Amino acid sequence: MRPPGLGPWFWESETSERIPLFHLLLCVDNSYRVSLYPISRCKRVHSESPVRGCGACDVLLSKYDPVLKQVENGKVNSCLALLCSINGCSITTTEGLGNSNDGLHPIHKRMAGFHASQCGFCTPAMCISLFSALVNAKNANRPEPPPGFSKLTVLEAEQAIVGNLCRCTGYRPIADTCKSFAADVDIEDLGINAFWKKGDSIEDKISKLPFYDPNDEICTYPEFLKNESKPLNFKSQSWSTPLTIEELQSLLQVHLAGNGTRIRLVVGNTSTGYYHDLEHYDKYIDLRYIPELSLIRRDHTGIEIGATVPISKAILALREEHEGELCSEAELVFQKIANHMERVASESIRNFASVGGNLVIAQRRYFRSDIATIFLAVDSIVSIITGQKHEKLTFEEFLGRPPLDSKSVLLSVKIPCWKPERKGLSSETETKLLFESYRASPRPLGNALPFLNAAFLADISSSKTGLLVNNIHLAFGAYGTKHAIRARKVEEYLVGKVLSFGVLYEAVKLVKAAVVPEHGTSYPAYRSSLAVGFLFEFLLPLIDPDSVTSDPYEFDDVGNPGLVSSAKQVIEPSKEYYPVGKPIMKTEAALQASGLFYLLWRGEAIYVDDIPSPENCLHGAFIHSTKPLAWVKDVKFKSKSLPDGVTDIISFKDIPKGGENIGSRSPFGDETLFADDLTSYAGQPVAFVVADTQRHADVGAAMAIVDYDTEGLGQPILTVEEAFERSSFFEVPSDRYPAQVGDFSKGMSEADHKILSAEIRLGSQYFFYMETQTALAIPDEDKCMVVYSSSQCPEYAHSVIARCLGIPEHNVRVITRRVGGGFGGKATKSIPIAAASALAAHKLRRPVRMYVNRKSDMMMAGGRQPMKITYSVGFKSNGKITALHLDILINSGIAIDLNPIVPGNMIGSLNKYDWGALSFNIKLCKTNTSSRTTMRGPGEVNATFIAEAIIERVASTLSMEVDFIRTKNLHTYESLSLFYEGSAGEPQEYTLPSIMDKLASTSSFEKRIEMTKEYNLCDKWRKKGISRVPIIHQCTVQPIPAKVSILWDGSVAVEVGGIEIGQGLWTKVKQMTAYAFSLIQCDGTEDLLDKVRVIQADTLSLVQGGFTAESSTSESSCGAVRVCCDILVGRLTPLKERLQKQMGSVTWDDIILQAHSENVNLSASTYLVPDSNSLHYLNYGAAVSEVEVNILTGETRILRSDIIYDCGQSLNPAMDLGQIEGAFVQGIGFFMSEEYLSNSDGMVVTVGTWTYEIPTIDTIPTRFNVEVLNSGHHKYRILSSKASGEPPLLLAVSVHCATRAAIKEARKQLRSWGGLEGSDSESTLFDLEVPATMPVVKKLCGLDSVEKYLQFSASPSDST
């Protein structure tokens, strides 16, 4: 759900009637006064966000502190905020900053101008995140910035969007937008944009940026609100706001007196973002207005923080310095606690989440809290009331007591002031207090739970024999136990010891015994090794300062990360087909940035869920099967009556006579909408709950109980091995099965070396579009159905809906304007949502809409195809490969979907190397899992990895450099023509060898190889790796329709089969239209670009739209449009020539007006079908990536990536650059972080932002350089252009290969310590899984690397 301002503005009554609120609840929305009133016995605030944790709903919340008499501004997740909790607050959303009618804000203009918006779904929240940072920077105690800039630093500017997810852009242009406001920005470091030209001076560049004036800002909090707002206290209602502890105690006593009232104590309500609570509560009690709970007290004994204090405010308090009040050691401890707390969740969560709330869910619900672990380490004290009883507990006692119930309230937590203990020490003895905290997390920043966190406090003094441990606290948490623990046995062992390698070795053995995850915890050995590594990291600098290459207490993972990134982009704009080739701004970018909610007030809509609900609209949610193969006996609810708001349950039984149980189709086959009597996979839709709100629908679906019976059924097929054993396969059509190359047997006979039957396994990947699946179905007259669908293939949705309802296709109309991210997931997988909504609307004769929550979306999506590969390869001693055979088992899931295209795609990408001879046996396995579908680079990204894994294995076997083996096996043009028969093009089009050479030069590849070797010799605990990788991508051009119409005023309406999903299709189409019409050669055509509008897809207006997929849709759409324009130019040219003879000079408007008056047909359509020459072509590119691996944690940092990608002659270099960067970063997710996991029944278990880690701003390459190569003319391409959407994703394998190179160095070192057996070459023979997550990397670097090092380093005389 996109940022909804404060909406929705409704309470839900007991009858589930949505009733507007007025009068007593007072707030401000974008400077508009809003007054609301309470409804008797109201239940809970209605929230419809389907995602949570992505940041797409961020708004700026401003509130007044009457004690400090100041306004506090901070961004928050609107999807988590309860409506009553914003009483007295002011909300600013991106449309409150400006709009296209009244003027856009500089943020909007710069976001658009830096090409920072693609699908646009996350863009409004990105704007608000930046605006929040700018507002807060105004009060910073810093020098005034130069005109046009803010007080933000570059680091702060980049950190502004930490926690905001984007799947399209790769973050780099968004970061540039943010940095453009920073006072210390190097303007030369900002990427390409629409503001200045190459060669402009710095002064000119600054002058051309949309001007920002910090003093001319939006009022975020009106004066009247300071005086008029009061705490809400609805007597006998569901929301109470006690003002004192006594009032709170009274409320709890009344409502918990055995009457069954369910109470929820709330502050920020942010825990629902993690736990997704669907429970009903009778009473909400807002704790924020109780002074004792919101105070921060600071004195010489420590800092006491009230339970309702937001985490962000606690961070500020801990960083606040008071001269002379606390000793320097205590100040340092507080600073480091604050540093760690800044890593907790995202800023929008920290601004609303309370310290007490975090601690309570850690104590009650065993949440993996970082804050709890830190507070445990420093012996914090908590205050609790239970009834009239007031208790003070140590933090360890607090965690150890039974879970807090609703009768107990956490009041505050006190962090004591620590300083070195000098008791019994002479005045000459040096003492030092050390405190450090650690966390190992899939993301350095933002929403990601740690595998383990730790905090250590030590009092150290010098002695004659070394450093003596006087006292030490060791706290570990989040590793798979209920609560954080103190490692008491380790502490007892260390106290009184003089630190040495031997002592540390004994200590880490004790830690390993103490930190043992509970049964069922993922990666238990890894988590234990983290505990060892963190203690080692803490104490090693005290034993051997020379062993650390940087400041010993700066090389942990918790301090402020070096986010500041740099990038360089090289593009070659072309004027040959102007305005085609010009890097113009994306057509709708500024409107996407400004949110377009202003337009909604006029009834215009952008994304499907922005369309206002029609009258009597219902909402739907799927009930999913939890069994992979079972009879469905019954579907019912836990209660006897229908849940609140639920209207009906739709199943296959409700399909009308003449209709079909069909939910999706592809050119290869169909898939059912609902399970009938038998479920086919876990996650399959069994029924469809229809309710009055989306929340009621979701709650109703969650409350449903499905009775199963497995009698008479065999075991489900869940793996490719089981499918192979039971011959469960889909057939690949013969025209889709790729051709083999050469004689494999002969090639193997020529080989000097052979690797036989080696295995590779690859997992799945989820699309993670920001807009989940959504549709709105509206019954129309005469049994017609209008469906708004977020779809990459409206044509197929149209057909499925008609078949499902049993009505003619002319009675169905599917409309798609644009899609909030697709990546293949909005093709066939969007159809069931549209079909189910249409079926329910057809039955109930009411509009029905559905906005799928993220969990349900992930259960149904299927994602990328998992596969098992077995290969045999032969090669010569010089590294030349002579033969390769592959047996590939692809898990296609329960339905055929689009899987038959995968084998051809795989071989197309695998063929990037000259294998000598290539044979293969590829099978599509039918399994009882959700059907897999085509995700960006389907099969191709898998095959690229397979090729590189084979190359790496050959290099390791021969003890040769991998880059040498790659180069040795690159194609000549002759071998290219053999492996890509009919697609290789002309010899001059084969640009890959020159790309590889150029990239080696521009990236300083050889020099950096030597620098990496030197670094690895010097640093024991961090290793670097660097890798250069080529790609070849075979692109297939699809048929596509287009229609171009010229209106009376000379403006142009264009329809194309392609869907705008963020790739810039509409922008390129507009450029092509303007160019094609400019060929008429008359006055006024220079402004044609502004006269062109691309119209939303409408399946009754333009048929045969096909799929927007395979990267080629933009160029195909442009080609079809050009054909239409050429037809129209042909009709207009005789008229133009006649007018020129009569008038001398003639304008475009003159010609069009005359054409209308003479009844010239000014509409042309076409269906462009590529011929054999243009059907297939090859894309080329290469990347160099350099990474750094932390051996202690397995964390991989991408230091730099350099890319050169051949775009032919780009239609729009700015759009293509965005596609290259975005695809590459999405590929990083596949290779490095994204685990799409299922349980033993095949049910997806990674179902949200907390467990599925796509790349974020802090995980992209720190230095990211991209060149869009203009390779000149290509005879059979659309104005010589080439695709850019999918191929660059394959280049991300360079990051994985670089990681492998770093691990290789770590393993060599581990072997030298006695940690690996065998020869040096044998230690380099290993397989690095995909994704190469932290546990995977750490395991290969050695789970016992610390112990081996300590054993290796300890001298025989080293005593314990």
# chains A, B, ... in the order shown; residues from 1 in each chain; ligands from 1
$ residues_around --residues "stretch 432-438 of chain A" --least-positions-apart "5" --cutoff "8 Å" --atoms "only C-alpha atoms" --output "number ranges by chain"
A: 329, 333, 336-337, 340, 374, 419-420, 453-461, 534, 538, 553, 556-558
$ residues_around --residues "A:Leu326" --least-positions-apart "6" --cutoff "8 Å" --atoms "only C-alpha atoms" --output "VMD selection string"
chain A and resid 299 to 300 417
$ select_by_dssp --residues "stretch 1057-1238 of chain A" --states "helix (DSSP H, G or I)" --output "VMD selection string"
chain A and resid 1065 to 1078 1085 to 1091 1113 to 1143 1148 to 1157 1213 to 1233
$ residues_around --residues "A:Ser791" --least-positions-apart "3" --cutoff "9 Å" --atoms "only C-alpha atoms" --output "VMD selection string"
chain A and resid 773 to 775 788 794 797 815 to 816 818 to 819 822 825 to 831 1059 1108
$ write_last_selection --atoms "N, CA and C atoms" --output "PDB file, in the first residue's frame"
ATOM      1  N   GLN A 773       0.566  -8.517  -5.375  1.00  0.00           N
ATOM      2  CA  GLN A 773      -0.478  -8.781  -6.363  1.00  0.00           C
ATOM      3  C   GLN A 773      -1.782  -8.093  -5.961  1.00  0.00           C
ATOM      4  N   THR A 774      -2.453  -7.508  -6.932  1.00  0.00           N
ATOM      5  CA  THR A 774      -3.678  -6.771  -6.624  1.00  0.00           C
ATOM      6  C   THR A 774      -4.575  -6.703  -7.851  1.00  0.00           C
ATOM      7  N   ALA A 775      -5.871  -6.636  -7.582  1.00  0.00           N
ATOM      8  CA  ALA A 775      -6.848  -6.519  -8.662  1.00  0.00           C
ATOM      9  C   ALA A 775      -8.138  -5.931  -8.102  1.00  0.00           C
ATOM     10  N   TYR A 788      -9.441  -4.252 -13.152  1.00  0.00           N
ATOM     11  CA  TYR A 788      -8.176  -3.520 -13.096  1.00  0.00           C
ATOM     12  C   TYR A 788      -7.154  -4.463 -12.476  1.00  0.00           C
ATOM     13  N   PRO A 794      -2.082  -8.622 -19.489  1.00  0.00           N
ATOM     14  CA  PRO A 794      -3.540  -8.452 -19.402  1.00  0.00           C
ATOM     15  C   PRO A 794      -4.311  -9.331 -20.387  1.00  0.00           C
ATOM     16  N   ALA A 797      -4.907 -12.629 -18.755  1.00  0.00           N
ATOM     17  CA  ALA A 797      -5.871 -12.470 -17.662  1.00  0.00           C
ATOM     18  C   ALA A 797      -7.283 -12.359 -18.225  1.00  0.00           C
ATOM     19  N   ILE A 815      -7.891  -3.798 -17.605  1.00  0.00           N
ATOM     20  CA  ILE A 815      -7.168  -2.532 -17.749  1.00  0.00           C
ATOM     21  C   ILE A 815      -5.940  -2.550 -16.856  1.00  0.00           C
ATOM     22  N   THR A 816      -4.802  -2.205 -17.421  1.00  0.00           N
ATOM     23  CA  THR A 816      -3.569  -2.075 -16.645  1.00  0.00           C
ATOM     24  C   THR A 816      -2.891  -0.780 -17.058  1.00  0.00           C
ATOM     25  N   ARG A 818      -0.148   0.872 -15.044  1.00  0.00           N
ATOM     26  CA  ARG A 818       1.262   0.577 -14.794  1.00  0.00           C
ATOM     27  C   ARG A 818       1.342  -0.376 -13.617  1.00  0.00           C
ATOM     28  N   VAL A 819       2.512  -0.946 -13.441  1.00  0.00           N
ATOM     29  CA  VAL A 819       2.708  -2.011 -12.458  1.00  0.00           C
ATOM     30  C   VAL A 819       3.808  -1.601 -11.490  1.00  0.00           C
ATOM     31  N   GLY A 822       7.512  -5.856 -11.371  1.00  0.00           N
ATOM     32  CA  GLY A 822       7.024  -7.124 -11.896  1.00  0.00           C
ATOM     33  C   GLY A 822       8.058  -8.226 -11.882  1.00  0.00           C
ATOM     34  N   GLY A 825       6.999 -11.760 -12.116  1.00  0.00           N
ATOM     35  CA  GLY A 825       6.019 -12.225 -11.134  1.00  0.00           C
ATOM     36  C   GLY A 825       4.622 -11.705 -11.356  1.00  0.00           C
ATOM     37  N   LYS A 826       4.476 -10.684 -12.219  1.00  0.00           N
ATOM     38  CA  LYS A 826       3.144 -10.159 -12.511  1.00  0.00           C
ATOM     39  C   LYS A 826       2.654 -10.656 -13.880  1.00  0.00           C
ATOM     40  N   ALA A 827       3.281 -11.720 -14.373  1.00  0.00           N
ATOM     41  CA  ALA A 827       2.792 -12.328 -15.616  1.00  0.00           C
ATOM     42  C   ALA A 827       1.715 -13.341 -15.238  1.00  0.00           C
ATOM     43  N   THR A 828       1.992 -14.601 -15.359  1.00  0.00           N
ATOM     44  CA  THR A 828       0.958 -15.605 -15.066  1.00  0.00           C
ATOM     45  C   THR A 828       0.513 -15.575 -13.611  1.00  0.00           C
ATOM     46  N   LYS A 829       1.386 -15.188 -12.717  1.00  0.00           N
ATOM     47  CA  LYS A 829       1.055 -15.236 -11.287  1.00  0.00           C
ATOM     48  C   LYS A 829       0.087 -14.133 -10.855  1.00  0.00           C
ATOM     49  N   SER A 830      -0.109 -13.137 -11.702  1.00  0.00           N
ATOM     50  CA  SER A 830      -1.088 -12.097 -11.361  1.00  0.00           C
ATOM     51  C   SER A 830      -2.505 -12.516 -11.732  1.00  0.00           C
ATOM     52  N   ILE A 831      -2.637 -13.513 -12.593  1.00  0.00           N
ATOM     53  CA  ILE A 831      -3.948 -13.859 -13.143  1.00  0.00           C
ATOM     54  C   ILE A 831      -4.897 -14.439 -12.095  1.00  0.00           C
ATOM     55  N   ILE A1059       3.608  -3.232 -21.223  1.00  0.00           N
ATOM     56  CA  ILE A1059       3.140  -2.617 -19.982  1.00  0.00           C
ATOM     57  C   ILE A1059       4.302  -1.863 -19.337  1.00  0.00           C
ATOM     58  N   THR A1108       4.685  -8.764 -21.353  1.00  0.00           N
ATOM     59  CA  THR A1108       5.789  -7.813 -21.206  1.00  0.00           C
ATOM     60  C   THR A1108       6.894  -8.569 -20.488  1.00  0.00           C
TER      61      THR A1108
END
$ atom_distance --atom1 "atom CA of A:Cys1018" --atom2 "atom CA of A:Phe1005"
20.2 Å
$ residues_around --residues "A:Tyr1180" --least-positions-apart "3" --cutoff "9 Å" --atoms "only C-alpha atoms" --output "MDAnalysis selection string"
chainID A and resid 990:992 995 1030:1033 1204:1207 1287
$ residues_around --residues "A:Arg1131" --least-positions-apart "3" --cutoff "10 Å" --atoms "only C-alpha atoms" --output "ChimeraX atom specification"
/A:1125-1128,1134-1136,1155,1160-1162
$ closest_residue --among "A:Gly824, A:Gly763, A:Gly663, A:Gly1119" --to "A:Lys868" --atoms "only C-alpha atoms"
A:Gly763
$ atom_distance --atom1 "atom CA of A:Pro738" --atom2 "atom CA of A:Leu1269"
29.5 Å
$ select_by_dssp --residues "stretch 536-740 of chain A" --states "strand (DSSP E)" --output "PyMOL selection string"
chain A and resi 566-570+618-624+630-637+646-650+664-666+669-671+678-679+685-691+704-709+729-730
$ residues_around --residues "A:Ser1201" --least-positions-apart "3" --cutoff "9 Å" --atoms "only C-alpha atoms" --output "PDB file with N, CA, C and O atoms, in the first residue's frame"
ATOM      1  N   SER A1003      39.033  -0.647 -15.148  1.00  0.00           N
ATOM      2  CA  SER A1003      38.885  -1.053 -13.745  1.00  0.00           C
ATOM      3  C   SER A1003      40.229  -1.283 -13.062  1.00  0.00           C
ATOM      4  O   SER A1003      40.254  -1.634 -11.877  1.00  0.00           O
ATOM      5  N   ALA A1183      31.804  -7.730 -16.137  1.00  0.00           N
ATOM      6  CA  ALA A1183      31.877  -7.024 -14.854  1.00  0.00           C
ATOM      7  C   ALA A1183      33.101  -7.471 -14.085  1.00  0.00           C
ATOM      8  O   ALA A1183      33.518  -8.636 -14.156  1.00  0.00           O
ATOM      9  N   VAL A1184      33.690  -6.542 -13.361  1.00  0.00           N
ATOM     10  CA  VAL A1184      34.741  -6.829 -12.383  1.00  0.00           C
ATOM     11  C   VAL A1184      34.197  -6.446 -11.021  1.00  0.00           C
ATOM     12  O   VAL A1184      33.747  -5.314 -10.826  1.00  0.00           O
ATOM     13  N   SER A1185      34.221  -7.372 -10.098  1.00  0.00           N
ATOM     14  CA  SER A1185      33.775  -7.087  -8.730  1.00  0.00           C
ATOM     15  C   SER A1185      34.856  -7.458  -7.737  1.00  0.00           C
ATOM     16  O   SER A1185      35.579  -8.452  -7.906  1.00  0.00           O
ATOM     17  N   GLU A1186      34.945  -6.632  -6.704  1.00  0.00           N
ATOM     18  CA  GLU A1186      35.908  -6.856  -5.622  1.00  0.00           C
ATOM     19  C   GLU A1186      35.154  -6.864  -4.301  1.00  0.00           C
ATOM     20  O   GLU A1186      34.326  -5.981  -4.048  1.00  0.00           O
ATOM     21  N   VAL A1187      35.425  -7.875  -3.482  1.00  0.00           N
ATOM     22  CA  VAL A1187      34.731  -7.999  -2.204  1.00  0.00           C
ATOM     23  C   VAL A1187      35.738  -8.160  -1.074  1.00  0.00           C
ATOM     24  O   VAL A1187      36.923  -8.451  -1.296  1.00  0.00           O
ATOM     25  N   ILE A1198      30.782  -5.676  -0.604  1.00  0.00           N
ATOM     26  CA  ILE A1198      31.138  -5.464  -2.004  1.00  0.00           C
ATOM     27  C   ILE A1198      31.825  -4.112  -2.097  1.00  0.00           C
ATOM     28  O   ILE A1198      31.189  -3.063  -1.972  1.00  0.00           O
ATOM     29  N   PRO A1261      27.385  -2.289  -3.995  1.00  0.00           N
ATOM     30  CA  PRO A1261      28.815  -1.956  -4.079  1.00  0.00           C
ATOM     31  C   PRO A1261      29.098  -0.546  -3.570  1.00  0.00           C
ATOM     32  O   PRO A1261      28.388   0.404  -3.909  1.00  0.00           O
ATOM     33  N   THR A1262      30.137  -0.416  -2.758  1.00  0.00           N
ATOM     34  CA  THR A1262      30.512   0.894  -2.245  1.00  0.00           C
ATOM     35  C   THR A1262      30.932   1.815  -3.382  1.00  0.00           C
ATOM     36  O   THR A1262      30.676   3.016  -3.354  1.00  0.00           O
ATOM     37  N   ARG A1263      31.573   1.246  -4.364  1.00  0.00           N
ATOM     38  CA  ARG A1263      31.912   1.981  -5.582  1.00  0.00           C
ATOM     39  C   ARG A1263      31.306   1.235  -6.745  1.00  0.00           C
ATOM     40  O   ARG A1263      31.578   0.052  -6.942  1.00  0.00           O
ATOM     41  N   PHE A1264      30.479   1.932  -7.523  1.00  0.00           N
ATOM     42  CA  PHE A1264      29.646   1.268  -8.523  1.00  0.00           C
ATOM     43  C   PHE A1264      29.780   2.031  -9.848  1.00  0.00           C
ATOM     44  O   PHE A1264      29.208   3.093 -10.029  1.00  0.00           O
ATOM     45  N   ASN A1265      30.575   1.470 -10.756  1.00  0.00           N
ATOM     46  CA  ASN A1265      30.875   2.139 -12.023  1.00  0.00           C
ATOM     47  C   ASN A1265      30.238   1.384 -13.186  1.00  0.00           C
ATOM     48  O   ASN A1265      30.405   0.165 -13.293  1.00  0.00           O
ATOM     49  N   VAL A1266      29.527   2.102 -14.028  1.00  0.00           N
ATOM     50  CA  VAL A1266      28.835   1.468 -15.148  1.00  0.00           C
ATOM     51  C   VAL A1266      29.084   2.262 -16.425  1.00  0.00           C
ATOM     52  O   VAL A1266      28.948   3.488 -16.434  1.00  0.00           O
ATOM     53  N   SER A1294      29.685 -12.081 -10.817  1.00  0.00           N
ATOM     54  CA  SER A1294      31.059 -11.631 -10.524  1.00  0.00           C
ATOM     55  C   SER A1294      31.265 -11.412  -9.029  1.00  0.00           C
ATOM     56  O   SER A1294      32.367 -11.620  -8.517  1.00  0.00           O
ATOM     57  N   VAL A1295      30.220 -10.992  -8.318  1.00  0.00           N
ATOM     58  CA  VAL A1295      30.322 -10.811  -6.864  1.00  0.00           C
ATOM     59  C   VAL A1295      30.499 -12.155  -6.186  1.00  0.00           C
ATOM     60  O   VAL A1295      31.324 -12.306  -5.274  1.00  0.00           O
TER      61      VAL A1295
END
$ closest_residue --among "A:Ala687, A:Ala160, A:Tyr526, A:Ala704" --to "A:Lys636" --atoms "only C-alpha atoms"
A:Ala704
$ closest_residue --among "A:Ile901, A:Leu134, A:Val873, A:Leu1178" --to "A:Glu989" --atoms "only C-alpha atoms"
A:Leu1178
$ residues_around --residues "A:Tyr221" --least-positions-apart "6" --cutoff "9 Å" --atoms "only C-alpha atoms" --output "list in words"
Val28, Ser31, Ser62, Lys63, Tyr64, Val71, Asn73, Cys89, Ser90 and Ile91 of chain A
$ write_last_selection --atoms "N, CA and C atoms" --output "mmCIF file, in the first residue's frame"
data_model
loop_
_atom_site.group_PDB
_atom_site.id
_atom_site.type_symbol
_atom_site.label_atom_id
_atom_site.label_comp_id
_atom_site.auth_asym_id
_atom_site.auth_seq_id
_atom_site.Cartn_x
_atom_site.Cartn_y
_atom_site.Cartn_z
ATOM 1 N N VAL A 28 -3.542 16.896 11.832
ATOM 2 C CA VAL A 28 -3.359 17.651 10.598
ATOM 3 C C VAL A 28 -2.757 16.737 9.548
ATOM 4 N N SER A 31 -1.185 19.893 6.185
ATOM 5 C CA SER A 31 -1.648 21.245 6.515
ATOM 6 C C SER A 31 -3.171 21.380 6.572
ATOM 7 N N SER A 62 4.816 14.674 12.901
ATOM 8 C CA SER A 62 5.297 15.800 13.706
ATOM 9 C C SER A 62 4.415 15.935 14.931
ATOM 10 N N LYS A 63 5.030 16.072 16.077
ATOM 11 C CA LYS A 63 4.258 16.228 17.316
ATOM 12 C C LYS A 63 4.936 17.264 18.201
ATOM 13 N N TYR A 64 4.148 17.828 19.095
ATOM 14 C CA TYR A 64 4.618 18.916 19.951
ATOM 15 C C TYR A 64 4.909 18.394 21.345
ATOM 16 N N VAL A 71 8.774 21.231 18.520
ATOM 17 C CA VAL A 71 8.159 20.255 17.619
ATOM 18 C C VAL A 71 9.184 19.190 17.272
ATOM 19 N N ASN A 73 10.053 16.062 14.755
ATOM 20 C CA ASN A 73 9.714 15.521 13.436
ATOM 21 C C ASN A 73 10.448 14.207 13.215
ATOM 22 N N CYS A 89 -1.164 15.080 16.331
ATOM 23 C CA CYS A 89 0.026 15.057 15.477
ATOM 24 C C CYS A 89 -0.296 15.668 14.116
ATOM 25 N N SER A 90 0.731 15.999 13.415
ATOM 26 C CA SER A 90 0.605 16.461 12.042
ATOM 27 C C SER A 90 1.323 15.471 11.141
ATOM 28 N N ILE A 91 0.677 15.110 10.062
ATOM 29 C CA ILE A 91 1.227 14.132 9.122
ATOM 30 C C ILE A 91 1.550 14.827 7.802
#
$ atom_distance --atom1 "atom CA of A:Val1244" --atom2 "atom CA of A:Trp631"
20.5 Å
$ closest_atom_pairs --of "stretch 186-210 of chain A" --to "stretch 141-158 of chain A" --cutoff "12 Å" --atoms "only C-alpha atoms" --output "CSV"
residue,atom,partner,partner_atom,distance
A:Asp186,CA,A:Val154,CA,9.0
A:Ile187,CA,A:Val154,CA,11.0
A:Asp189,CA,A:Val154,CA,11.1
A:Leu190,CA,A:Val154,CA,11.2
A:Glu203,CA,A:Pro147,CA,11.6
A:Lys205,CA,A:Gly148,CA,11.5
A:Ile206,CA,A:Gly148,CA,7.9
A:Ser207,CA,A:Gly148,CA,8.5
A:Lys208,CA,A:Gly148,CA,10.3
A:Leu209,CA,A:Gly148,CA,8.0
A:Pro210,CA,A:Gly148,CA,8.0
$ closest_atom_pairs --of "stretch 1074-1103 of chain A" --to "stretch 800-811 of chain A" --cutoff "12 Å" --atoms "only C-alpha atoms" --output "JSON lines"
{"residue": "A:Thr1099", "atom": "CA", "partner": "A:His810", "partner_atom": "CA", "distance": 9.4}
{"residue": "A:Leu1100", "atom": "CA", "partner": "A:His810", "partner_atom": "CA", "distance": 7.3}
{"residue": "A:Ser1101", "atom": "CA", "partner": "A:His810", "partner_atom": "CA", "distance": 10.8}
{"residue": "A:Val1103", "atom": "CA", "partner": "A:His810", "partner_atom": "CA", "distance": 11.0}
